[in-house]
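Just below is one structure, and these are the notes that go with it.
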Amino acid sequence: MKLAWLLWLASILPQHDADRTCLAAMIYLEARSESQLGQAAVAEVAMRRRESGRWGDDVCRVVNAPGQFAVATTNKNYMLRNPQAWKKAWLVADNMLRMWERPKDKREFVVPDASHFVAEEFASPSWATGERIATIGAHSFYRVN
């Protein structure tokens, strides 16, 4: 399926379903080869950003914020060709949204306080000098003020 189609679909769905679609697309693009834990950590960063309101007040706005996640930087004609990876990302997105519905003190965090992540094999952004929270798979997670 084409990324442009998924993003269009998200634009007409009810908010919860749109958030799940956008979060799953971000997980797929950023971490489809990672473990479920690694995917959950990537999703957690997006959810934390949504909660802060700095990058947007819904998941779709957060993951589409210019230059922040692969959803915003990937060619919209990109084809998602791995149905197994999509299914896994879809389930992780659902689990993350359910967890984020809980009160903050009842959530189970993978990368507490992480606001950024990077696959350091492919990029070395200037902000990656902040406090490293964890490394899971190919991704390092940071708390950046």
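Each chain in the structure tokens gets a letter, A, B and so on, in the order shown; residues start at 1 in every chain, and ligands are counted from 1 in the order they appear.
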
*Which residues in stretch 23-109 of chain A does DSSP call alpha helix (DSSP H)? List them as a count of residues only.*
53

_Contacts of stretch 117-127 of chain A within 7 Å, only C-alpha atoms, excl. fewer than 6 positions in-chain, as a ChimeraX atom specification_ = /A:138-142,144

*Please report, as a list in words, each residue of chain A to which DSSP assigns strand (DSSP E or B) when run on this structure's backbone.*
Lys2, Met79, His116, Phe117, Val118, Ala119, Glu131, Arg132, Ile133, Ala134, Thr135, Ile136, His139, Ser140, Phe141, Tyr142 and Arg143 of chain A

Cut-off 9 Å: closest stretch 60-92 of chain A/stretch 24-34 of chain A atom pairs per residue, using only C-alpha atoms, as JSON lines:
{"residue": "A:Val63", "atom": "CA", "partner": "A:Met26", "partner_atom": "CA", "distance": 6.6}
{"residue": "A:Phe69", "atom": "CA", "partner": "A:Met26", "partner_atom": "CA", "distance": 7.0}
{"residue": "A:Ala70", "atom": "CA", "partner": "A:Leu29", "partner_atom": "CA", "distance": 6.0}
{"residue": "A:Val71", "atom": "CA", "partner": "A:Met26", "partner_atom": "CA", "distance": 5.7}
{"residue": "A:Thr74", "atom": "CA", "partner": "A:Leu29", "partner_atom": "CA", "distance": 8.4}
{"residue": "A:Leu80", "atom": "CA", "partner": "A:Tyr28", "partner_atom": "CA", "distance": 8.2}
{"residue": "A:Asn82", "atom": "CA", "partner": "A:Arg32", "partner_atom": "CA", "distance": 8.9}
{"residue": "A:Ala85", "atom": "CA", "partner": "A:Arg32", "partner_atom": "CA", "distance": 5.7}
{"residue": "A:Trp86", "atom": "CA", "partner": "A:Tyr28", "partner_atom": "CA", "distance": 6.1}
{"residue": "A:Lys87", "atom": "CA", "partner": "A:Ala24", "partner_atom": "CA", "distance": 8.7}
{"residue": "A:Lys88", "atom": "CA", "partner": "A:Arg32", "partner_atom": "CA", "distance": 8.1}
{"residue": "A:Ala89", "atom": "CA", "partner": "A:Ala24", "partner_atom": "CA", "distance": 5.0}
{"residue": "A:Trp90", "atom": "CA", "partner": "A:Ala24", "partner_atom": "CA", "distance": 4.9}
{"residue": "A:Leu91", "atom": "CA", "partner": "A:Ala24", "partner_atom": "CA", "distance": 8.0}
{"residue": "A:Val92", "atom": "CA", "partner": "A:Ala24", "partner_atom": "CA", "distance": 7.4}

Mind dumping the selected residues with C-alpha atoms as a compact mmCIF listing (two decimals), in the first residue's frame?
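Contents of selection26.txt, freshly written:
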# COMPACT_ATOMS: atom_id res chain seq x y z
CA VAL A 63 4.52 12.25 13.15
CA PHE A 69 9.92 11.42 11.70
CA ALA A 70 10.13 9.34 8.53
CA VAL A 71 6.43 9.91 7.81
CA THR A 74 9.58 9.83 3.09
CA LEU A 80 4.72 -0.36 2.22
CA ASN A 82 5.83 -5.95 4.01
CA ALA A 85 5.80 -5.77 9.39
CA TRP A 86 2.66 -3.63 8.90
CA LYS A 87 0.60 -6.00 11.07
CA LYS A 88 3.24 -5.88 13.81
CA ALA A 89 3.41 -2.06 13.64
CA TRP A 90 -0.40 -1.89 13.72
CA LEU A 91 -0.53 -4.00 16.89
CA VAL A 92 2.25 -2.04 18.60

*For stretch 94-100 of chain A, work out the shell of residues within 8 Å, counting only C-alpha atoms and skipping chain neighbours fewer than 2 positions away, then give it as a PyMOL selection string.*
chain A and resi 20+40+43-44+47+90-92+102-104+107-108

*From the list A:Arg143, A:Lys106, A:Arg132, A:Arg81, which residue is nearest A:Met1 when using only C-alpha atoms?*
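So, comparing all the options, the nearest one is A:Arg81.
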
*Considering only C-alpha atoms, return as a list in words whatever protein or nucleic-acid residues lie within 8 Å of A:Tyr78, sequence-local ones (same chain, fewer than 2 positions apart) excluded.*
Lys2, Leu3, Ala4, Thr74, Asn75, Lys76 and Leu80 of chain A

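Look at A:Ala18: the protein and nucleic acid residues within 8 Å of it, using only C-alpha atoms and passing over chain neighbours fewer than 5 places away, are Leu9, Ala10, Ser11, Ile12, Leu13 and Cys60 of chain A.
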
May I have the residues from that selection written out with C-alpha atoms, as a PDB file, in the first residue's frame?
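Dumped to out-v7.pdb:
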ATOM      1  CA  LEU A   9      -7.156   7.543   4.972  1.00  0.00           C
ATOM      2  CA  ALA A  10      -5.968   8.914   8.305  1.00  0.00           C
ATOM      3  CA  SER A  11      -7.297  12.338   7.315  1.00  0.00           C
ATOM      4  CA  ILE A  12     -10.887  11.049   7.074  1.00  0.00           C
ATOM      5  CA  LEU A  13     -10.961   8.566   9.952  1.00  0.00           C
ATOM      6  CA  CYS A  60      -0.851  12.517  12.978  1.00  0.00           C
TER       7      CYS A  60
END

*d(atom CA of A:Ala134, atom CA of A:Asp19) in Å*: 25.5 Å
